Each structure stands twice: as structure tokens, then as C-alpha cells.
$ cat final-v2.tsv   # TSV, C-alpha atoms
chain	number	residue	atom	x	y	z
A	5	LEU	CA	83.07	93.52	97.38
A	6	GLY	CA	84.01	97.15	96.82
A	7	LEU	CA	85.88	99.32	94.33
A	8	GLY	CA	89.45	100.39	94.99
A	9	THR	CA	90.55	103.66	93.35
A	10	TRP	CA	94.28	103.88	94.12
A	11	GLN	CA	96.23	105.14	91.07
A	12	ASN	CA	93.00	106.01	89.28
A	13	GLY	CA	92.46	109.72	88.78
A	14	GLY	CA	90.83	112.42	86.71
A	15	GLU	CA	88.09	111.73	84.22
A	16	GLN	CA	88.94	108.04	84.07
A	17	CYS	CA	88.36	107.73	87.83
A	18	THR	CA	85.05	109.56	87.56
A	19	GLU	CA	83.92	107.27	84.75
A	20	THR	CA	85.06	104.16	86.63
A	21	VAL	CA	83.12	105.12	89.76
A	22	ARG	CA	80.01	105.99	87.77
A	23	THR	CA	80.13	102.74	85.80
A	24	ALA	CA	80.82	100.68	88.91
A	25	LEU	CA	77.85	102.12	90.78
A	26	GLU	CA	75.52	101.72	87.84
A	27	THR	CA	76.54	98.06	87.45
A	28	GLY	CA	75.91	97.17	91.08
A	29	TYR	CA	78.87	98.23	93.20
A	30	ARG	CA	77.92	100.07	96.37
A	31	HIS	CA	81.23	100.40	98.26
A	32	VAL	CA	83.82	102.92	96.96
A	33	ASP	CA	87.23	103.38	98.59
A	34	THR	CA	89.44	106.45	98.27
A	35	ALA	CA	91.95	108.39	100.40
A	36	GLN	CA	93.39	111.84	100.87
A	37	ALA	CA	96.72	110.54	99.58
A	38	TYR	CA	95.20	109.22	96.33
A	39	ASP	CA	94.55	112.80	95.15
A	40	ASN	CA	91.31	111.66	93.52
A	41	GLU	CA	88.59	112.50	96.05
A	42	ALA	CA	87.11	115.14	93.73
A	43	ALA	CA	87.00	112.66	90.84
A	44	VAL	CA	85.41	110.00	93.05
A	45	GLY	CA	82.80	112.45	94.27
A	46	GLU	CA	81.99	113.47	90.71
A	47	GLY	CA	81.51	109.84	89.77
A	48	ILE	CA	79.08	109.37	92.64
A	49	ARG	CA	77.13	112.45	91.55
A	50	GLN	CA	76.97	111.30	87.92
A	51	ALA	CA	75.78	107.79	88.77
A	52	ASP	CA	72.09	107.04	88.70
A	53	VAL	CA	72.32	105.80	92.29
A	54	ASP	CA	71.18	107.57	95.45
A	55	ARG	CA	74.00	108.73	97.73
A	56	GLU	CA	72.29	106.90	100.60
A	57	GLU	CA	72.98	103.60	98.81
A	58	VAL	CA	76.73	104.25	98.50
A	59	PHE	CA	79.19	103.22	101.22
A	60	LEU	CA	82.02	105.74	100.85
A	61	THR	CA	85.40	105.32	102.54
A	62	THR	CA	88.29	107.77	102.73
A	63	LYS	CA	91.48	107.82	104.77
A	64	LEU	CA	93.49	110.33	106.80
A	65	TRP	CA	97.04	110.76	105.52
A	66	ARG	CA	99.92	110.52	107.98
A	67	SER	CA	100.47	114.30	108.00
A	68	ASN	CA	96.88	114.82	109.20
A	69	LEU	CA	96.75	112.65	112.32
A	70	ARG	CA	97.02	115.38	114.97
A	71	ALA	CA	93.63	116.32	116.39
A	72	ASP	CA	93.31	119.73	114.73
A	73	ASP	CA	94.57	118.36	111.42
A	74	VAL	CA	92.03	115.53	111.58
A	75	ARG	CA	89.15	117.95	111.95
A	76	THR	CA	90.41	120.34	109.26
A	77	SER	CA	91.46	117.77	106.68
A	78	VAL	CA	88.26	115.72	106.92
A	79	ARG	CA	86.17	118.80	106.21
A	80	GLU	CA	88.43	119.44	103.22
A	81	SER	CA	87.90	115.85	102.08
A	82	LEU	CA	84.14	116.28	102.34
A	83	ASP	CA	84.37	119.44	100.23
A	84	ARG	CA	86.41	117.65	97.56
A	85	LEU	CA	84.05	114.67	97.58
A	86	GLY	CA	81.00	116.94	97.52
A	87	VAL	CA	79.25	115.03	100.31
A	88	ASP	CA	78.08	115.90	103.80
A	89	HIS	CA	79.55	112.78	105.40
A	90	VAL	CA	81.65	109.70	104.72
A	91	ASP	CA	80.48	106.27	105.79
A	92	LEU	CA	83.92	105.15	106.94
A	93	LEU	CA	87.00	107.17	107.91
A	94	LEU	CA	90.29	105.30	108.28
A	95	ILE	CA	93.72	106.15	109.64
A	96	HIS	CA	95.73	105.36	106.50
A	97	TRP	CA	98.94	104.32	108.29
A	98	PRO	CA	99.95	104.26	111.96
A	99	HIS	CA	102.36	107.03	112.96
A	100	PRO	CA	105.12	106.39	115.54
A	101	ARG	CA	105.03	109.98	116.84
A	102	VAL	CA	101.28	110.59	116.94
A	103	PRO	CA	99.33	108.67	119.59
A	104	VAL	CA	96.53	106.70	117.99
A	105	GLU	CA	94.31	107.73	120.91
A	106	GLU	CA	94.59	111.40	119.88
A	107	THR	CA	93.64	110.67	116.28
A	108	LEU	CA	90.74	108.40	117.19
A	109	ALA	CA	89.40	110.93	119.71
A	110	ALA	CA	89.26	113.61	117.00
A	111	MET	CA	87.66	111.12	114.60
A	112	THR	CA	85.07	110.35	117.28
A	113	ASP	CA	84.28	114.07	117.55
A	114	LEU	CA	83.60	114.11	113.80
A	115	ARG	CA	81.42	111.03	114.21
A	116	ASP	CA	79.44	112.75	116.95
A	117	ALA	CA	79.04	115.78	114.65
A	118	GLY	CA	77.58	113.59	111.90
A	119	LEU	CA	80.46	114.07	109.46
A	120	VAL	CA	81.63	110.47	109.79
A	121	GLU	CA	79.50	107.36	110.23
A	122	HIS	CA	82.13	104.78	111.22
A	123	LEU	CA	85.80	104.72	112.27
A	124	GLY	CA	88.57	102.35	111.29
A	125	VAL	CA	92.26	101.93	110.56
A	126	SER	CA	94.47	100.75	107.72
A	127	ASN	CA	97.81	98.94	107.62
A	128	PHE	CA	97.63	98.21	111.35
A	129	THR	CA	99.22	95.04	112.67
A	130	ARG	CA	97.39	92.84	115.16
A	131	GLU	CA	99.03	94.59	118.10
A	132	GLN	CA	98.44	98.06	116.67
A	133	LEU	CA	94.80	97.19	116.07
A	134	ARG	CA	94.50	95.83	119.59
A	135	GLU	CA	95.71	99.17	120.96
A	136	ALA	CA	93.35	101.12	118.72
A	137	VAL	CA	90.35	99.06	119.82
A	138	ALA	CA	91.36	99.48	123.47
A	139	VAL	CA	91.75	103.27	123.45
A	140	SER	CA	88.88	104.27	121.15
A	141	ASP	CA	85.61	105.48	122.63
A	142	ALA	CA	83.85	104.59	119.36
A	143	PRO	CA	83.92	101.15	117.72
A	144	VAL	CA	86.82	100.49	115.36
A	145	VAL	CA	84.95	98.65	112.64
A	146	ALA	CA	87.61	97.89	110.00
A	147	ASP	CA	91.31	97.35	109.33
A	148	GLN	CA	92.24	97.73	105.66
A	149	VAL	CA	95.38	95.72	104.88
A	150	LEU	CA	97.29	94.04	102.08
A	151	TYR	CA	95.66	90.62	101.72
A	152	HIS	CA	95.73	88.18	98.82
A	153	PRO	CA	96.46	84.48	98.25
A	154	TYR	CA	100.22	84.99	98.77
A	155	LYS	CA	99.94	87.15	101.92
A	156	ASP	CA	99.16	85.36	105.17
A	157	GLN	CA	96.99	87.49	107.46
A	158	SER	CA	95.57	84.66	109.57
A	159	ASP	CA	96.70	86.08	112.95
A	160	LEU	CA	95.22	89.49	112.20
A	161	ARG	CA	92.03	87.97	110.79
A	162	GLU	CA	91.59	85.88	113.93
A	163	PHE	CA	91.73	89.03	116.06
A	164	CYS	CA	89.31	90.80	113.71
A	165	VAL	CA	86.77	87.99	113.92
A	166	GLU	CA	87.01	87.86	117.71
A	167	ASN	CA	86.54	91.64	118.01
A	168	ASP	CA	83.90	92.22	115.30
A	169	VAL	CA	86.30	94.16	113.08
A	170	ALA	CA	86.00	93.81	109.30
A	171	MET	CA	89.20	93.09	107.39
A	172	THR	CA	89.29	94.95	104.08
A	173	ALA	CA	91.70	93.42	101.58
A	174	TYR	CA	93.44	95.87	99.27
A	175	SER	CA	95.47	94.67	96.27
A	176	PRO	CA	93.45	91.42	96.51
A	177	LEU	CA	94.78	90.28	93.13
A	178	ALA	CA	98.40	90.73	94.28
A	179	ARG	CA	98.87	93.54	91.74
A	180	GLY	CA	98.10	91.16	88.91
A	181	ALA	CA	100.24	88.23	90.05
A	182	VAL	CA	97.22	85.93	90.36
A	183	LEU	CA	96.59	86.19	86.60
A	184	ASP	CA	99.48	83.79	85.95
A	185	ASP	CA	98.80	81.41	88.83
A	186	GLY	CA	98.35	77.89	87.52
A	187	VAL	CA	96.71	76.52	90.65
A	188	LEU	CA	94.08	79.26	90.70
A	189	ALA	CA	93.51	78.80	86.97
A	190	ASP	CA	92.97	75.05	87.45
A	191	ILE	CA	90.47	75.70	90.23
A	192	GLY	CA	88.69	78.27	88.09
A	193	GLU	CA	88.49	75.91	85.13
A	194	CYS	CA	86.37	73.56	87.23
A	195	HIS	CA	83.82	76.35	87.72
A	196	GLY	CA	84.05	78.27	84.47
A	197	LYS	CA	85.86	81.11	86.24
A	198	SER	CA	89.18	82.90	85.92
A	199	ALA	CA	92.11	82.83	88.34
A	200	PRO	CA	91.35	86.40	89.57
A	201	GLN	CA	87.73	85.43	90.22
A	202	VAL	CA	88.90	82.45	92.31
A	203	ALA	CA	91.22	84.73	94.31
A	204	LEU	CA	88.41	87.20	95.00
A	205	ARG	CA	85.97	84.45	95.96
A	206	TRP	CA	88.53	82.97	98.33
A	207	LEU	CA	88.69	86.33	100.11
A	208	VAL	CA	85.02	87.31	100.28
A	209	GLN	CA	83.84	83.90	101.49
A	210	GLN	CA	85.98	84.32	104.63
A	211	ASP	CA	84.15	85.57	107.70
A	212	GLY	CA	84.33	89.36	107.93
A	213	VAL	CA	86.56	89.90	104.87
A	214	VAL	CA	85.84	92.60	102.29
A	215	ALA	CA	87.81	92.88	99.03
A	216	ILE	CA	88.33	96.13	97.11
A	217	PRO	CA	89.92	95.25	93.76
A	218	LYS	CA	90.90	98.08	91.46
A	219	ALA	CA	89.43	98.05	87.95
A	220	SER	CA	88.83	100.65	85.29
A	221	SER	CA	87.12	98.96	82.34
A	222	ALA	CA	83.48	97.93	82.41
A	223	ASP	CA	84.47	94.34	81.57
A	224	HIS	CA	86.88	94.07	84.49
A	225	LEU	CA	84.37	95.67	86.85
A	226	ALA	CA	81.80	93.06	85.81
A	227	ASP	CA	84.28	90.17	86.04
A	228	ASN	CA	85.29	91.16	89.58
A	229	ARG	CA	81.67	91.15	90.72
A	230	ALA	CA	80.85	87.79	89.15
A	231	VAL	CA	82.20	85.74	92.06
A	232	PHE	CA	79.11	84.91	94.09
A	233	ASP	CA	77.71	82.07	91.97
A	234	PHE	CA	80.25	79.28	92.45

$ encode --input "final-v2.tsv" --output "C-alpha cells"
Amino acid sequence: LGLGTWQNGGEQCTETVRTALETGYRHVDTAQAYDNEAAVGEGIRQADVDREEVFLTTKLWRSNLRADDVRTSVRESLDRLGVDHVDLLLIHWPHPRVPVEETLAAMTDLRDAGLVEHLGVSNFTREQLREAVAVSDAPVVADQVLYHPYKDQSDLREFCVENDVAMTAYSPLARGAVLDDGVLADIGECHGKSAPQVALRWLVQQDGVVAIPKASSADHLADNRAVFDF
């Protein structure tokens, strides 16, 4: 279970990241397009947690998928984040006019240079992921996609399991829709849990699935983590 930071910026983002890390989170997800990499990096610095314990993900925006732009923009991301490497670099969205092989080759160069630990993609369909896995010289370790109780991703998840690719679920609470779900609430009542906690548990107990719910308050951060005891 990680922390999503989309639509969280400035001092609030910094405080959220710091609080999350100090309450047990270790995976933080950001992106060039979120315009909050500097705030995320500041939160990591302020937290009483060693950088080596934090799994930090960022993503290449669609305008930065050409080889030279990959190399330049990732160094700019590292500067904004204030780190010497990211643990996972994703292609944020596939681009119809930029070959995925070109982008992944440049990402692999950054991996070889020690600026990136792992490579992955985001919002790739099963067939797009299949192509990425086939053309990449380095392992493609994750596909971050929209996944929640109302979004069927079974075909993609099957491919991920077969090819040792993690599926990272963003918007795992369906942008708040699960809060009013009677079925999830009934299930939660049996376990002393809320509907959102049931939705998160349903995701993280699946083989190879990671969830990155967004939260800002300390209470919500704690609630989202309290899903491993039922």
C-alpha cells in the first residue's frame, strides 16, 4: 500500500508525505504532470525516515517521451525531488507517435547510470504492456492503472501475474464512490471496518496488486493503512 499524491500540492503535500512516512508508509507516488515533485521531495526530507527506506515513484509526461527529453526531464525531476535517484520511473501514458522502444531505451540508459532503479509504465492496456515487455532490454516491473471495485482489470492482471509485472491501482476508492456502497459497507460491518477499507483490502490481497490511495489528513492516512488485520 502506497501514497498517491495527485491533486495534492504545496505545503499540504509536503505535510501529507511527511506524516505518511512517519506513520508507516514507505511507497510514495508522484509524477512530472502533478507539479508537486518539489513538495514531495521536501516531505521526504522532513520525515524522520531514511531515504533508503522510501520507495519513490515518478512518471514521464507525454511531452517528454523522446530519448533526449527522457534524459533531460528525469534529471530535472531528480533536482525538484532533491534525490539522486528514483526507485521507479514510469511512462505516464502511451504516445501514438513516440515508439515505446525509444522511451524505454532511454529509461534503461538512466537505469544503467544509477539515476533510476526500476522501469515501468502507466495506463497501458494488456497489448500495450505486452509490446513494452517485448521491446525493453530492462525488466518492466509495473503497470499503474485505474483499478477499483467497479473497474474490471482481470485480463490485464492475468498478463501481469504471468509476466511478473506488478499492477498498481490508482484511484482505488473510485474517487470516493465506494464510501456510499452498501455492499462494501455490509462486508465491512462484519469485520469492524469501513467500506473504503474493504475496497483497499480487496485490492491488496490480490497477487501482485499495489494500491496507492490519496489521502491528506492523518486520520485518513491511518484508516487506509489499517487493512491488513481482517

$ residues_around --input "final-v2.tsv" --residues "region 52-64 of chain A" --least-positions-apart "4" --cutoff "8 Å" --atoms "all atoms listed in the file" --output "ChimeraX atom specification"
/A:25-26,30-37,48,68-69,74,77-78,90-96

$ closest_residue --input "final-v2.tsv" --among "A:Ala71, A:Val44, A:Ser198, A:Asp141" --to "Asp83 (chain A)" --atoms "all atoms listed in the file"
A:Val44

$ atom_distance --input "final-v2.tsv" --atom1 "CA of Asp39 (chain A)" --atom2 "CA of Trp65 (chain A)"
10.9 Å

$ residues_around --input "final-v2.tsv" --residues "Asn167 (chain A)" --least-positions-apart "3" --cutoff "12 Å" --atoms "all atoms listed in the file" --output "PyMOL selection string"
chain A and resi 130+133-134+136-138+143-147+160-164+170-171+212

$ atom_distance --input "final-v2.tsv" --atom1 "CA of Ser140 (chain A)" --atom2 "CA of Glu105 (chain A)"
6.4 Å

$ closest_residue --input "final-v2.tsv" --among "A:Gly14, A:Ser67, A:Arg79, A:Val169" --to "Gly47 (chain A)" --atoms "only C-alpha atoms"
A:Gly14

$ atom_distance --input "final-v2.tsv" --atom1 "CA of Leu5 (chain A)" --atom2 "CA of Leu82 (chain A)"
23.3 Å

$ closest_residue --input "final-v2.tsv" --among "A:Ala117, A:Val213, A:Val208, A:Glu106" --to "Gln148 (chain A)" --atoms "all atoms listed in the file"
A:Val213

$ closest_residue --input "final-v2.tsv" --among "A:Gly196, A:Gly124, A:Gln132, A:Gln210" --to "Val165 (chain A)" --atoms "all atoms listed in the file"
A:Gln210

$ axis_aligned_box --input "final-v2.tsv" --around "region 67-85 of chain A" --padding-each-side "4 Å" --output "AutoDock Vina command-line options"
--center_x 92.3 --center_y 116.5 --center_z 107.0 --size_x 24.4 --size_y 15.7 --size_z 26.8

$ residues_around --input "final-v2.tsv" --residues "Leu150 (chain A)" --least-positions-apart "4" --cutoff "10 Å" --atoms "only C-alpha atoms" --output "list in words"
Ser126, Asn127, Lys155, Asp156, Gln157, Met171, Thr172, Ala173, Tyr174, Ser175, Pro176 and Ala178 of chain A

$ closest_residue --input "final-v2.tsv" --among "A:Ala142, A:Ala181, A:Val120, A:Leu7" --to "Ala226 (chain A)" --atoms "all atoms listed in the file"
A:Leu7

$ closest_residue --input "final-v2.tsv" --among "A:Arg179, A:Phe232, A:Trp10, A:Pro100" --to "Tyr151 (chain A)" --atoms "all atoms listed in the file"
A:Arg179

$ residues_around --input "final-v2.tsv" --residues "region 184-190 of chain A" --least-positions-apart "2" --cutoff "9 Å" --atoms "all atoms listed in the file" --output "list in words"
Gly180, Ala181, Val182, Gly192, Glu193, Cys194, Lys197, Ser198, Ala199, Pro200, Gln201, Val202 and Ala203 of chain A
